[in-house]
>>> print(open('upload.txt').read())   # compact mmCIF, C-alpha atoms
# COMPACT_ATOMS: atom_id res chain seq x y z
CA MET A 18 123.22 105.34 91.89
CA TRP A 19 125.28 107.35 89.38
CA GLU A 20 122.20 108.18 87.32
CA ARG A 21 120.35 109.53 90.36
CA LEU A 22 123.43 111.45 91.49
CA GLN A 23 123.82 112.94 88.02
CA VAL A 24 120.21 114.14 88.10
CA ILE A 25 120.74 115.88 91.46
CA LEU A 26 123.96 117.49 90.28
CA ARG A 27 122.28 118.85 87.16
CA LYS A 28 119.37 120.15 89.25
CA GLU A 29 121.72 121.94 91.67
CA PHE A 30 123.69 123.67 88.94
CA ILE A 31 120.51 124.85 87.21
CA GLN A 32 118.99 126.08 90.47
CA ALA A 33 122.18 127.82 91.61
CA LEU A 34 122.73 129.67 88.35
CA ARG A 35 119.06 130.64 88.01
CA GLU A 36 118.76 132.43 91.36
CA PRO A 37 120.31 135.94 91.40
CA ARG A 38 121.51 135.75 95.01
CA MET A 39 123.34 132.52 94.36
CA ARG A 40 125.02 133.90 91.25
CA VAL A 41 126.29 136.82 93.31
CA LEU A 42 127.70 134.49 95.96
CA LEU A 43 129.30 132.35 93.29
CA PHE A 44 131.35 135.01 91.54
CA LEU A 45 131.33 138.35 93.38
CA PRO A 46 133.16 137.51 96.67
CA PRO A 47 136.24 136.03 94.95
CA LEU A 48 136.62 139.01 92.62
CA MET A 49 136.06 141.56 95.37
CA GLN A 50 138.55 140.01 97.77
CA LEU A 51 141.13 139.60 95.03
CA LEU A 52 140.89 143.25 94.01
CA ILE A 53 140.69 144.59 97.56
CA PHE A 54 143.66 142.67 98.90
CA GLY A 55 145.58 143.10 95.68
CA TYR A 56 145.15 146.85 95.33
CA ALA A 57 143.71 148.45 98.46
CA VAL A 58 144.95 146.49 101.48
CA THR A 59 148.68 146.98 101.84
CA LEU A 60 151.14 147.35 104.69
CA ASP A 61 153.87 148.73 102.44
CA VAL A 62 155.18 152.25 102.83
CA ASP A 63 156.44 153.18 99.38
CA HIS A 64 156.64 156.96 99.85
CA ALA A 65 157.13 157.92 103.47
CA ARG A 66 156.56 161.60 104.18
CA ILE A 67 159.34 163.13 106.26
CA ALA A 68 160.20 166.60 107.52
CA TRP A 69 163.88 167.57 107.27
CA MET A 70 165.27 169.62 110.12
CA ASP A 71 168.85 170.60 109.22
CA MET A 72 170.55 172.17 112.25
CA ASP A 73 174.03 171.90 110.71
CA ARG A 74 173.51 173.37 107.21
CA THR A 75 176.69 171.96 105.69
CA PRO A 76 177.43 170.11 102.43
CA GLU A 77 177.55 166.88 104.42
CA SER A 78 174.07 167.37 105.86
CA ARG A 79 172.74 168.29 102.42
CA ALA A 80 174.38 165.14 101.02
CA LEU A 81 172.54 163.06 103.62
CA ARG A 82 169.26 164.70 102.60
CA ALA A 83 170.01 163.95 98.96
CA ARG A 84 170.57 160.31 99.96
CA PHE A 85 167.10 160.21 101.55
CA GLU A 86 165.44 161.81 98.52
CA GLY A 87 167.33 159.59 96.09
CA SER A 88 166.36 156.37 97.88
CA GLY A 89 162.89 156.44 96.31
CA ARG A 90 161.26 155.71 99.68
CA PHE A 91 161.04 159.21 101.15
CA ASP A 92 159.36 162.48 100.19
CA VAL A 93 160.55 165.57 102.06
CA ILE A 94 157.39 167.63 102.58
CA ALA A 95 158.52 170.20 105.16
CA ALA A 96 161.61 171.86 106.62
CA PRO A 97 160.81 172.94 110.19
CA GLU A 98 163.07 175.54 111.73
CA SER A 99 162.22 174.95 115.38
CA GLU A 100 161.14 172.29 117.84
CA GLU A 101 157.61 173.70 117.87
CA GLN A 102 157.31 173.42 114.09
CA ALA A 103 158.62 169.85 114.14
CA GLN A 104 156.13 168.97 116.86
CA SER A 105 153.30 170.54 114.85
CA VAL A 106 154.18 168.53 111.74
CA LEU A 107 153.90 165.28 113.69
CA ASP A 108 150.80 166.36 115.62
CA ARG A 109 148.92 167.20 112.42
CA GLY A 110 149.91 163.93 110.77
CA GLN A 111 151.60 165.74 107.90
CA ALA A 112 154.72 163.56 108.09
CA HIS A 113 155.54 160.06 109.24
CA ALA A 114 158.83 161.22 110.76
CA VAL A 115 161.11 164.17 111.33
CA VAL A 116 164.79 163.64 110.50
CA ARG A 117 166.94 166.01 112.52
CA VAL A 118 170.64 166.57 111.76
CA LEU A 119 172.24 167.99 114.89
CA PRO A 120 174.80 170.81 114.95
CA GLY A 121 178.38 169.71 114.45
CA PHE A 122 177.45 166.87 112.11
CA ALA A 123 180.04 167.73 109.45
CA ARG A 124 182.69 168.62 112.04
CA ASP A 125 182.36 165.30 113.81
CA LEU A 126 182.48 163.44 110.50
CA ALA A 127 185.69 165.22 109.54
CA ARG A 128 187.30 164.44 112.90
CA GLY A 129 186.22 160.83 112.90
CA ARG A 130 183.98 161.20 115.93
CA ALA A 131 180.60 159.63 116.56
CA THR A 132 177.81 161.90 115.39
CA GLU A 133 174.05 161.72 115.72
CA VAL A 134 171.09 161.79 113.35
CA GLN A 135 167.74 161.77 115.10
CA VAL A 136 164.63 160.25 113.53
CA LEU A 137 161.49 161.33 115.40
CA LEU A 138 158.64 158.99 114.49
CA ASP A 139 154.88 159.22 114.62
CA GLY A 140 154.19 155.95 116.42
CA THR A 141 150.39 156.11 116.07
CA ASN A 142 150.57 153.33 113.48
CA SER A 143 153.23 151.02 114.87
CA ASN A 144 153.63 149.08 111.63
CA THR A 145 154.25 152.21 109.56
CA ALA A 146 156.58 153.61 112.21
CA SER A 147 158.62 150.40 112.27
CA LEU A 148 158.97 150.40 108.49
CA VAL A 149 159.93 154.07 108.30
CA SER A 150 162.43 153.49 111.09
CA ALA A 151 164.00 150.57 109.23
CA TYR A 152 164.11 152.50 105.95
CA ALA A 153 165.72 155.53 107.61
CA SER A 154 168.29 153.41 109.40
CA GLY A 155 169.18 151.75 106.10
CA VAL A 156 169.69 155.06 104.31
CA ILE A 157 171.81 156.45 107.15
CA ALA A 158 173.82 153.25 107.31
CA GLY A 159 174.57 153.46 103.59
CA PHE A 160 175.64 157.08 103.96
CA ALA A 161 177.83 156.19 106.94
CA ASN A 162 179.56 153.42 105.04
CA ASP A 163 180.27 155.70 102.09
CA VAL A 164 181.68 158.41 104.35
CA MET A 165 183.77 155.97 106.33
CA ALA A 166 185.16 154.43 103.18
CA GLY A 167 186.78 157.78 102.39
CA GLN A 168 188.20 158.26 105.87
CA THR A 169 191.54 157.05 107.08
CA LYS A 170 190.32 156.45 110.63
CA ASN A 171 188.73 153.14 111.44
CA ASP A 172 186.88 154.11 114.60
CA GLN A 173 184.41 156.52 113.04
CA THR A 174 180.75 155.82 113.72
CA ILE A 175 177.45 157.53 113.17
CA LYS A 176 175.01 157.25 116.01
CA VAL A 177 171.38 157.08 114.92
CA GLU A 178 168.83 157.96 117.59
CA ILE A 179 165.27 156.95 116.79
CA ARG A 180 162.44 158.27 118.91
CA GLY A 181 158.68 157.94 118.83
CA PRO A 182 155.68 156.74 120.87
CA GLY A 183 156.69 153.24 121.84
CA LEU A 184 159.80 153.49 119.66
CA ALA A 185 162.96 154.80 121.29
CA ARG A 186 166.34 153.27 120.56
CA SER A 187 169.78 154.16 119.30
CA ALA A 188 172.30 152.31 117.17
CA MET A 189 175.93 152.80 116.24
CA LEU A 190 176.45 152.43 112.49
CA THR A 191 179.91 151.33 111.44
CA PRO A 192 181.45 150.03 108.21
CA ALA A 193 181.15 146.54 109.65
CA ALA A 194 177.36 146.79 109.93
CA ALA A 195 175.77 143.46 109.02
CA GLY A 196 173.85 143.19 105.76
CA SER A 197 170.61 141.29 105.25
CA ARG A 198 169.12 139.20 102.47
CA VAL A 199 165.40 138.51 102.17
CA TRP A 200 164.24 135.16 100.86
CA PHE A 201 160.89 134.25 99.25
CA ASN A 202 159.65 137.86 99.07
CA PRO A 203 162.70 139.99 98.25
CA ASP A 204 160.74 143.22 97.69
CA LEU A 205 158.80 142.74 100.96
CA ARG A 206 155.49 143.39 99.24
CA SER A 207 152.50 142.77 101.45
CA ARG A 208 150.51 141.96 98.28
CA ASN A 209 152.55 138.77 97.89
CA TYR A 210 151.51 137.84 101.42
CA PHE A 211 147.82 138.68 101.23
CA VAL A 212 146.72 137.56 97.75
CA PRO A 213 147.57 133.83 98.17
CA GLY A 214 145.68 133.87 101.46
CA VAL A 215 142.54 134.98 99.62
CA ILE A 216 142.41 131.52 98.06
CA ALA A 217 142.00 129.88 101.46
CA ASN A 218 139.42 132.41 102.67
CA ILE A 219 137.28 132.18 99.55
CA LEU A 220 137.39 128.40 99.44
CA PHE A 221 136.21 128.24 103.04
CA MET A 222 133.58 130.97 102.91
CA VAL A 223 131.95 130.12 99.59
CA THR A 224 131.68 126.37 100.06
CA LEU A 225 130.43 126.68 103.65
CA MET A 226 127.72 129.24 102.91
CA LEU A 227 126.55 127.81 99.61
CA THR A 228 126.30 124.25 100.91
CA ALA A 229 124.22 125.31 103.91
CA GLN A 230 121.94 127.60 101.86
CA ALA A 231 121.33 125.00 99.16
CA ILE A 232 119.92 122.52 101.66
CA ILE A 233 117.98 125.09 103.69
CA ARG A 234 116.44 126.47 100.51
CA GLU A 235 114.93 123.05 99.90
CA LYS A 236 113.42 123.21 103.39
CA GLU A 237 111.98 126.67 102.88
CA ILE A 238 110.27 125.92 99.56
CA GLY A 239 109.10 122.49 100.75
CA THR A 240 110.92 120.37 98.19
CA LEU A 241 113.16 118.56 100.68
CA GLU A 242 110.25 116.35 101.74
CA GLN A 243 109.58 115.55 98.09
CA LEU A 244 113.19 114.50 97.63
CA MET A 245 112.99 112.27 100.70
CA VAL A 246 110.13 110.21 99.24
CA THR A 247 111.99 109.58 95.98
CA PRO A 248 114.33 106.58 95.50
CA ILE A 249 117.27 108.92 96.24
CA ARG A 250 119.29 107.72 99.21
CA PRO A 251 120.54 110.11 101.92
CA ILE A 252 124.17 109.65 100.84
CA GLU A 253 123.23 110.46 97.25
CA LEU A 254 121.35 113.58 98.36
CA MET A 255 124.29 114.69 100.48
CA LEU A 256 126.76 114.21 97.63
CA GLY A 257 124.43 115.93 95.19
CA LYS A 258 124.21 118.95 97.51
CA THR A 259 127.92 119.24 98.27
CA LEU A 260 129.78 118.27 95.10
CA PRO A 261 128.48 121.19 92.97
CA PHE A 262 129.77 123.72 95.46
CA ALA A 263 133.03 121.86 95.85
CA LEU A 264 133.47 122.37 92.11
CA VAL A 265 132.49 126.02 92.48
CA GLY A 266 135.10 126.44 95.20
CA LEU A 267 137.79 124.89 93.03
CA MET A 268 136.74 127.10 90.13
CA ASN A 269 137.08 130.17 92.37
CA MET A 270 140.51 128.96 93.40
CA LEU A 271 141.55 128.76 89.75
CA ILE A 272 140.19 132.27 89.09
CA ILE A 273 142.08 133.75 92.03
CA THR A 274 145.26 131.89 91.15
CA ALA A 275 145.09 133.14 87.57
CA GLY A 276 144.44 136.68 88.77
CA ALA A 277 147.32 136.49 91.23
CA LEU A 278 149.72 135.40 88.49
CA LEU A 279 148.49 137.53 85.58
CA ILE A 280 147.32 140.73 87.28
CA PHE A 281 149.46 141.03 90.41
CA HIS A 282 152.43 138.90 89.30
CA ILE A 283 152.56 136.97 92.56
CA PRO A 284 155.39 134.41 92.42
CA PHE A 285 154.29 130.77 92.19
CA ARG A 286 157.24 128.53 92.97
CA GLY A 287 155.53 125.28 93.97
CA ASN A 288 153.53 122.46 92.45
CA PHE A 289 150.01 123.36 91.37
CA PHE A 290 148.74 119.78 91.69
CA LEU A 291 149.96 119.66 95.28
CA LEU A 292 147.98 122.83 95.96
CA LEU A 293 144.93 121.30 94.29
CA PHE A 294 145.21 118.12 96.37
CA CYS A 295 145.50 120.13 99.60
CA ALA A 296 142.44 122.13 98.54
CA LEU A 297 140.49 118.89 98.23
CA LEU A 298 141.57 117.94 101.75
CA PHE A 299 140.43 121.30 103.07
CA LEU A 300 137.11 121.06 101.23
CA MET A 301 136.09 118.14 103.45
CA THR A 302 136.14 120.48 106.45
CA SER A 303 134.33 123.39 104.79
CA LEU A 304 131.67 121.15 103.24
CA GLY A 305 131.21 119.37 106.55
CA ALA A 306 130.72 122.70 108.32
CA GLY A 307 128.13 123.65 105.70
CA LEU A 308 126.26 120.39 106.27
CA PHE A 309 126.27 121.01 110.01
CA LEU A 310 124.85 124.50 109.52
CA SER A 311 122.06 123.07 107.39
CA THR A 312 120.98 120.78 110.23
CA VAL A 313 120.84 123.50 112.92
CA SER A 314 119.29 126.29 110.80
CA GLN A 315 115.72 126.62 109.62
CA THR A 316 116.07 129.64 107.33
CA GLN A 317 118.75 131.06 105.07
CA GLN A 318 119.03 134.09 107.36
CA GLN A 319 119.89 131.80 110.26
CA ALA A 320 122.48 130.07 108.11
CA ASN A 321 124.07 133.39 107.16
CA MET A 322 124.30 134.43 110.79
CA GLY A 323 125.59 131.02 111.79
CA SER A 324 128.28 131.14 109.13
CA PHE A 325 129.82 134.13 110.91
CA PHE A 326 130.24 131.88 113.94
CA PHE A 327 132.58 129.74 111.83
CA THR A 328 134.19 132.18 109.43
CA THR A 329 135.08 135.08 111.75
CA PRO A 330 137.08 133.14 114.37
CA ALA A 331 138.64 131.00 111.65
CA PHE A 332 139.66 134.12 109.72
CA MET A 333 141.11 135.90 112.77
CA LEU A 334 143.09 132.85 113.95
CA SER A 335 144.34 131.71 110.54
CA GLY A 336 147.31 134.05 110.29
CA PHE A 337 145.85 135.76 107.24
CA MET A 338 146.11 139.30 108.61
CA PHE A 339 147.93 138.91 111.92
CA PRO A 340 150.98 136.67 112.53
CA ILE A 341 150.08 133.85 114.88
CA ARG A 342 153.44 134.06 116.63
CA ASN A 343 152.54 137.58 117.80
CA MET A 344 149.35 136.40 119.51
CA PRO A 345 149.15 135.46 123.20
CA VAL A 346 150.41 131.96 123.93
CA ALA A 347 146.95 130.67 124.86
CA VAL A 348 145.51 131.96 121.57
CA GLN A 349 148.40 130.38 119.65
CA TYR A 350 147.47 126.99 121.07
CA LEU A 351 143.82 127.66 120.27
CA SER A 352 144.71 128.31 116.63
CA TYR A 353 145.81 124.67 116.27
CA LEU A 354 142.09 123.80 116.32
CA ASN A 355 141.56 125.92 113.22
CA PRO A 356 141.86 123.96 109.94
CA LEU A 357 142.06 127.23 108.00
CA ARG A 358 145.42 127.90 109.65
CA TYR A 359 146.97 124.79 108.11
CA PHE A 360 145.61 125.46 104.64
CA MET A 361 146.76 129.09 104.84
CA GLU A 362 150.30 127.92 105.61
CA ILE A 363 150.14 125.41 102.75
CA VAL A 364 148.98 128.01 100.21
CA ARG A 365 151.70 130.49 101.13
CA GLY A 366 154.31 127.76 101.29
CA VAL A 367 153.46 126.54 97.79
CA PHE A 368 153.19 130.05 96.32
CA LEU A 369 156.13 131.84 97.89
CA LYS A 370 158.52 129.14 99.10
CA GLY A 371 157.90 126.34 96.63
CA VAL A 372 157.99 123.70 99.36
CA GLY A 373 156.72 120.18 98.76
CA VAL A 374 155.18 117.25 100.59
CA GLU A 375 158.34 116.65 102.62
CA VAL A 376 157.72 119.96 104.41
CA LEU A 377 153.92 120.23 104.27
CA TRP A 378 152.94 116.69 105.22
CA PRO A 379 152.20 117.50 108.92
CA ARG A 380 149.73 120.19 107.86
CA MET A 381 148.25 117.92 105.21
CA LEU A 382 147.77 115.23 107.84
CA CYS A 383 145.99 117.70 110.12
CA LEU A 384 143.68 118.71 107.27
CA LEU A 385 142.90 115.05 106.59
CA VAL A 386 142.09 114.34 110.24
CA TYR A 387 139.93 117.44 110.61
CA GLY A 388 138.23 116.83 107.27
CA VAL A 389 137.31 113.22 107.98
CA THR A 390 136.12 114.07 111.50
CA VAL A 391 134.02 117.13 110.63
CA LEU A 392 132.56 115.70 107.42
CA GLY A 393 131.83 112.34 109.06
CA LEU A 394 130.03 113.81 112.07
CA SER A 395 128.09 116.31 109.94
CA ALA A 396 127.08 113.62 107.47
CA ALA A 397 125.83 111.41 110.32
CA ARG A 398 123.79 114.29 111.73
CA PHE A 399 122.45 115.14 108.27
CA HIS A 400 121.44 111.51 107.72
CA LYS A 401 119.70 111.44 111.10
CA THR A 402 117.86 114.67 110.30
CA LEU A 403 116.54 113.22 107.04
CA ASP A 404 115.41 110.08 108.81
>>> encode(input="upload.txt", output="structure tokens")
Amino acid sequence: MWERLQVILRKEFIQALREPRMRVLLFLPPLMQLLIFGYAVTLDVDHARIAWMDMDRTPESRALRARFEGSGRFDVIAAPESEEQAQSVLDRGQAHAVVRVLPGFARDLARGRATEVQVLLDGTNSNTASLVSAYASGVIAGFANDVMAGQTKNDQTIKVEIRGPGLARSAMLTPAAAGSRVWFNPDLRSRNYFVPGVIANILFMVTLMLTAQAIIREKEIGTLEQLMVTPIRPIELMLGKTLPFALVGLMNMLIITAGALLIFHIPFRGNFFLLLFCALLFLMTSLGAGLFLSTVSQTQQQANMGSFFFTTPAFMLSGFMFPIRNMPVAVQYLSYLNPLRYFMEIVRGVFLKGVGVEVLWPRMLCLLVYGVTVLGLSAARFHKTLD
């Protein structure tokens, strides 16, 4: 058995590396996704463009502007003099927000009264608007605390009014304003969130597509019938067709992990062998899905189209781009049927949180159940197809 299996494995590696399309699928998708999600796809707002509308023109208002410019998060790109100019800046998309210091700002500060700073936001992109709003509130809160520390009155507050499409709220900033501490991703970099998720996506996509195409290619060129009349058993043929691409998937995982650590400096706080073991559990599902595709497709084009039926819903419901808790309740329950969701949570938990089996075991158990079920049913259908 092992000699026959070794022959099939050697044949698959030679055939995969010899065909140009297969070489592209082996190495290009992991590198492209790593670079795209590492460099291009980001939800961070490092330099928010703001327009500064100073209606008070006092040293205190200029000190607040200096606090914004010195924070490193804001670039003042305009200084509108009227409401029409401020509206034009937002309408043209020149600035993410307009910060407006109202008349009497310095006077109210000196008298210990509540004063207002308005932040008018462009809410077209709700994520960017929320981040700019949080950054602005933080800068104003720091300024308020510094001012209040030099005052003798204890009841002084600064009222921050934040407006924008879908964003309208006000807050009273006092010296007793609560602070916050971020765990696991202190700098709040979206890169740290996306890059580990690429591992799960690549492992699923590459192993599913390559497994299905390897078997269908044998059908197209007419060599599958030749294999069936050899002493090779169906289980040996199935293992010979799936194990090479399982190794390819693990190799891609190592490449992405190395790139995440060396190029993007993503924190890795967990156990690598735990991650590797969970990847093996997940491979049972992706390889099983590839086997199933090979039994329902007659050409490689059909397999490529069919793979979208698996990969697109799995990608959308995995929590890779969109938090599952923000989805409708019915869709949240539907995501429990998605094995990619569990592996995505495992990868991010191992990378960013450093959690172990005591936390991840329910997800590992789900991967085991899904893997055994999908691989078992697909293998039975594959065996029946060969017979």
>>> residues_around(input="upload.txt", residues="Thr224 (chain A)", least_positions_apart="5", cutoff="7 Å", atoms="only C-alpha atoms", output="NGL selection string")
:A and (262-263 or 266 or 303-304)
>>> write_last_selection(input="upload.txt", atoms="C-alpha atoms", output="CSV table (one decimal), in the frame of the given file")
chain,number,residue,atom,x,y,z
A,262,PHE,CA,129.8,123.7,95.5
A,263,ALA,CA,133.0,121.9,95.8
A,266,GLY,CA,135.1,126.4,95.2
A,303,SER,CA,134.3,123.4,104.8
A,304,LEU,CA,131.7,121.2,103.2
>>> atom_distance(input="upload.txt", atom1="CA of Arg206 (chain A)", atom2="CA of Ala57 (chain A)")
12.8 Å
>>> residues_around(input="upload.txt", residues="Ala277 (chain A)", least_positions_apart="5", cutoff="9 Å", atoms="only C-alpha atoms", output="PyMOL selection string")
chain A and resi 51+55+209+212-213+272+282-284
>>> write_last_selection(input="upload.txt", atoms="C-alpha atoms", output="compact mmCIF listing (two decimals), in the coordinates of the input")
# COMPACT_ATOMS: atom_id res chain seq x y z
CA LEU A 51 141.13 139.60 95.03
CA GLY A 55 145.58 143.10 95.68
CA ASN A 209 152.55 138.77 97.89
CA VAL A 212 146.72 137.56 97.75
CA PRO A 213 147.57 133.83 98.17
CA ILE A 272 140.19 132.27 89.09
CA HIS A 282 152.43 138.90 89.30
CA ILE A 283 152.56 136.97 92.56
CA PRO A 284 155.39 134.41 92.42
>>> atom_distance(input="upload.txt", atom1="CA of Leu256 (chain A)", atom2="CA of Leu354 (chain A)")
26.0 Å
>>> atom_distance(input="upload.txt", atom1="CA of Leu392 (chain A)", atom2="CA of Asn355 (chain A)")
14.8 Å
